[in-house]
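This report refers to the structure that appears directly beneath it.
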Amino acid sequence: MTSTAAALLMDRLGLTEDELCRALGVAPLAVIGGDLDDKPQLPLLLALTEEAADHVGAEILRRWLRSSGPRGRPLDHLIANDYAAFEDDLAALADRGFVLRGGGGTDR
């Protein structure tokens, strides 16, 4: 895997550099140098998020990542390296779509 693949994941999810490094468990120099061959989660995350991006669109995917869902924020699962929970979050997104709760506004 190259730094280009990491940049694609970063762009697709709207991650900061720090968030990307935490999600992959690497130092920033590893990303810059493309030293990601021993990180099997990168191709897996690219495959999982590609399907979601195709389904809901990249902009919605970026918003969803930072929103609170039934089991917390998907971003928190990702940067905690809880890939199983992140995959469950993506499955819920595919099943239910992006649901916004509460807003405090009223329609008249």
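We label chains A, B, ... in the order they appear in the structure tokens, count residues from 1 in each chain, and number ligands from 1 in the order shown.
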
Selection near Leu48 of chain A, 12 Å with only C-alpha atoms, sequence-local residues under 2 positions removed, as a CSV table (one decimal) with N, CA, C and O atoms, in the first residue's frame:
```csv
chain,number,residue,atom,x,y,z
A,9,LEU,N,-8.2,7.2,1.4
A,9,LEU,CA,-9.0,7.0,2.6
A,9,LEU,C,-9.2,8.3,3.4
A,9,LEU,O,-10.4,8.6,3.8
A,12,ARG,N,-11.7,10.4,1.3
A,12,ARG,CA,-13.0,9.8,1.3
A,12,ARG,C,-13.8,10.0,2.6
A,12,ARG,O,-15.0,10.2,2.6
A,13,LEU,N,-13.1,9.9,3.7
A,13,LEU,CA,-13.7,10.0,5.0
A,13,LEU,C,-13.6,11.4,5.7
A,13,LEU,O,-14.2,11.7,6.7
A,41,GLN,N,-5.3,-3.3,7.5
A,41,GLN,CA,-6.5,-2.5,7.6
A,41,GLN,C,-6.7,-1.5,6.5
A,41,GLN,O,-7.9,-1.1,6.2
A,42,LEU,N,-5.6,-1.0,5.9
A,42,LEU,CA,-5.8,0.0,4.9
A,42,LEU,C,-6.6,-0.5,3.7
A,42,LEU,O,-7.6,0.1,3.3
A,43,PRO,N,-6.2,-1.6,3.1
A,43,PRO,CA,-7.0,-2.1,1.9
A,43,PRO,C,-8.4,-2.5,2.4
A,43,PRO,O,-9.4,-2.3,1.6
A,44,LEU,N,-8.6,-3.0,3.6
A,44,LEU,CA,-9.9,-3.4,4.1
A,44,LEU,C,-10.8,-2.2,4.2
A,44,LEU,O,-11.9,-2.1,3.8
A,45,LEU,N,-10.2,-1.1,4.9
A,45,LEU,CA,-11.0,0.1,5.1
A,45,LEU,C,-11.3,0.8,3.7
A,45,LEU,O,-12.4,1.3,3.6
A,46,LEU,N,-10.4,0.7,2.8
A,46,LEU,CA,-10.7,1.3,1.4
A,46,LEU,C,-11.9,0.5,0.8
A,46,LEU,O,-12.8,1.1,0.2
A,50,GLU,N,-15.5,2.2,0.2
A,50,GLU,CA,-15.8,2.5,-1.2
A,50,GLU,C,-17.3,2.1,-1.5
A,50,GLU,O,-18.0,2.9,-2.1
A,51,GLU,N,-17.7,1.0,-1.0
A,51,GLU,CA,-19.1,0.6,-1.1
A,51,GLU,C,-20.0,1.6,-0.5
A,51,GLU,O,-21.0,2.0,-1.1
A,52,ALA,N,-19.7,2.1,0.7
A,52,ALA,CA,-20.5,3.1,1.4
A,52,ALA,C,-20.5,4.4,0.6
A,52,ALA,O,-21.6,5.0,0.5
A,53,ALA,N,-19.4,4.8,0.1
A,53,ALA,CA,-19.3,6.1,-0.7
A,53,ALA,C,-20.1,6.0,-1.9
A,53,ALA,O,-20.8,7.0,-2.3
A,54,ASP,N,-20.1,4.8,-2.6
A,54,ASP,CA,-20.9,4.6,-3.8
A,54,ASP,C,-22.4,4.6,-3.5
A,54,ASP,O,-23.2,5.1,-4.2
A,55,HIS,N,-22.7,4.1,-2.3
A,55,HIS,CA,-24.1,4.0,-1.9
A,55,HIS,C,-24.7,5.4,-1.5
A,55,HIS,O,-25.8,5.7,-1.9
A,61,LEU,N,-21.0,10.4,3.6
A,61,LEU,CA,-20.1,9.6,4.3
A,61,LEU,C,-19.3,10.4,5.3
A,61,LEU,O,-19.1,10.0,6.5
A,83,TYR,N,-12.2,-2.0,14.5
A,83,TYR,CA,-12.7,-2.2,13.1
A,83,TYR,C,-14.0,-3.0,13.0
A,83,TYR,O,-14.7,-2.7,12.1
A,84,ALA,N,-14.2,-3.9,13.9
A,84,ALA,CA,-15.4,-4.7,13.9
A,84,ALA,C,-16.6,-3.7,14.1
A,84,ALA,O,-17.6,-3.8,13.4
A,86,PHE,N,-16.6,-0.5,13.6
A,86,PHE,CA,-16.7,0.4,12.4
A,86,PHE,C,-17.4,-0.3,11.3
A,86,PHE,O,-18.2,0.3,10.6
A,87,GLU,N,-17.1,-1.6,11.1
A,87,GLU,CA,-17.8,-2.3,10.0
A,87,GLU,C,-19.3,-2.4,10.3
A,87,GLU,O,-20.1,-2.3,9.5
A,88,ASP,N,-19.6,-2.6,11.6
A,88,ASP,CA,-21.1,-2.7,12.0
A,88,ASP,C,-21.7,-1.3,11.8
A,88,ASP,O,-22.9,-1.3,11.3
A,89,ASP,N,-21.0,-0.2,12.0
A,89,ASP,CA,-21.5,1.1,11.7
A,89,ASP,C,-21.8,1.3,10.3
A,89,ASP,O,-22.9,1.8,9.9
A,90,LEU,N,-20.9,0.8,9.4
A,90,LEU,CA,-21.1,0.9,8.0
A,90,LEU,C,-22.3,0.0,7.5
A,90,LEU,O,-23.1,0.4,6.7
A,91,ALA,N,-22.5,-1.1,8.2
A,91,ALA,CA,-23.6,-2.0,7.8
A,91,ALA,C,-24.9,-1.3,8.2
A,91,ALA,O,-25.9,-1.3,7.5
A,93,LEU,N,-25.4,1.9,8.3
A,93,LEU,CA,-25.5,3.0,7.3
A,93,LEU,C,-26.1,2.4,6.1
A,93,LEU,O,-27.1,3.0,5.5
A,94,ALA,N,-25.7,1.3,5.6
A,94,ALA,CA,-26.2,0.7,4.4
A,94,ALA,C,-27.7,0.3,4.6
A,94,ALA,O,-28.5,0.4,3.7
```

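Residues lying within 9 Å of segment 24-27 of chain A, counting only C-alpha atoms and ignoring same-chain neighbours fewer than 4 positions away, are A:Ala6, A:Asp18, A:Glu19, A:Leu20, A:Val31, A:Leu36, A:Lys39, A:Gln41, A:Leu42, A:Leu78, A:Ile79, A:Asn81.
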
Inset, instruction - Rank A:Glu59, A:Leu8, A:Gly34, A:Ala23 by their smallest atom-to-atom distance to His77 of chain A, using only C-alpha atoms, and report the top residue only. - result: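 Going through A:Glu59, A:Leu8, A:Gly34, A:Ala23 one by one, the smallest distance to His77 of chain A is for A:Ala23.
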
Inset, instruction - Name the residues of segment 25-89 of chain A that come out as helix (DSSP H, G or I) in a backbone DSSP run; write them as a VMD selection string. - result: chain A and resid 28 to 33 41 to 56 58 to 66 74 to 79 83 to 89

Inset, instruction - Rank nothing, just name the residue among A:Ala5, A:Leu15, A:Ala58, A:Ala85 nearest to Asp37 of chain A, using only C-alpha atoms. - result: A:Ala5

Inset, instruction - Between atom CA of Ser3 of chain A and atom CA of Thr16 of chain A, measure the distance and give it in Å to one decimal. - result: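 That distance, rounded to one decimal, is 14.3 Å.
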
Legend entry - Residue nearest Ala92 of chain A among A:Asp38, A:Gly69, A:Ala80, A:Cys21 (counting only C-alpha atoms): A:Gly69

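If you look at atom CA of Gly97 of chain A and atom CA of Val56 of chain A, they are 7.5 Å away from each other.
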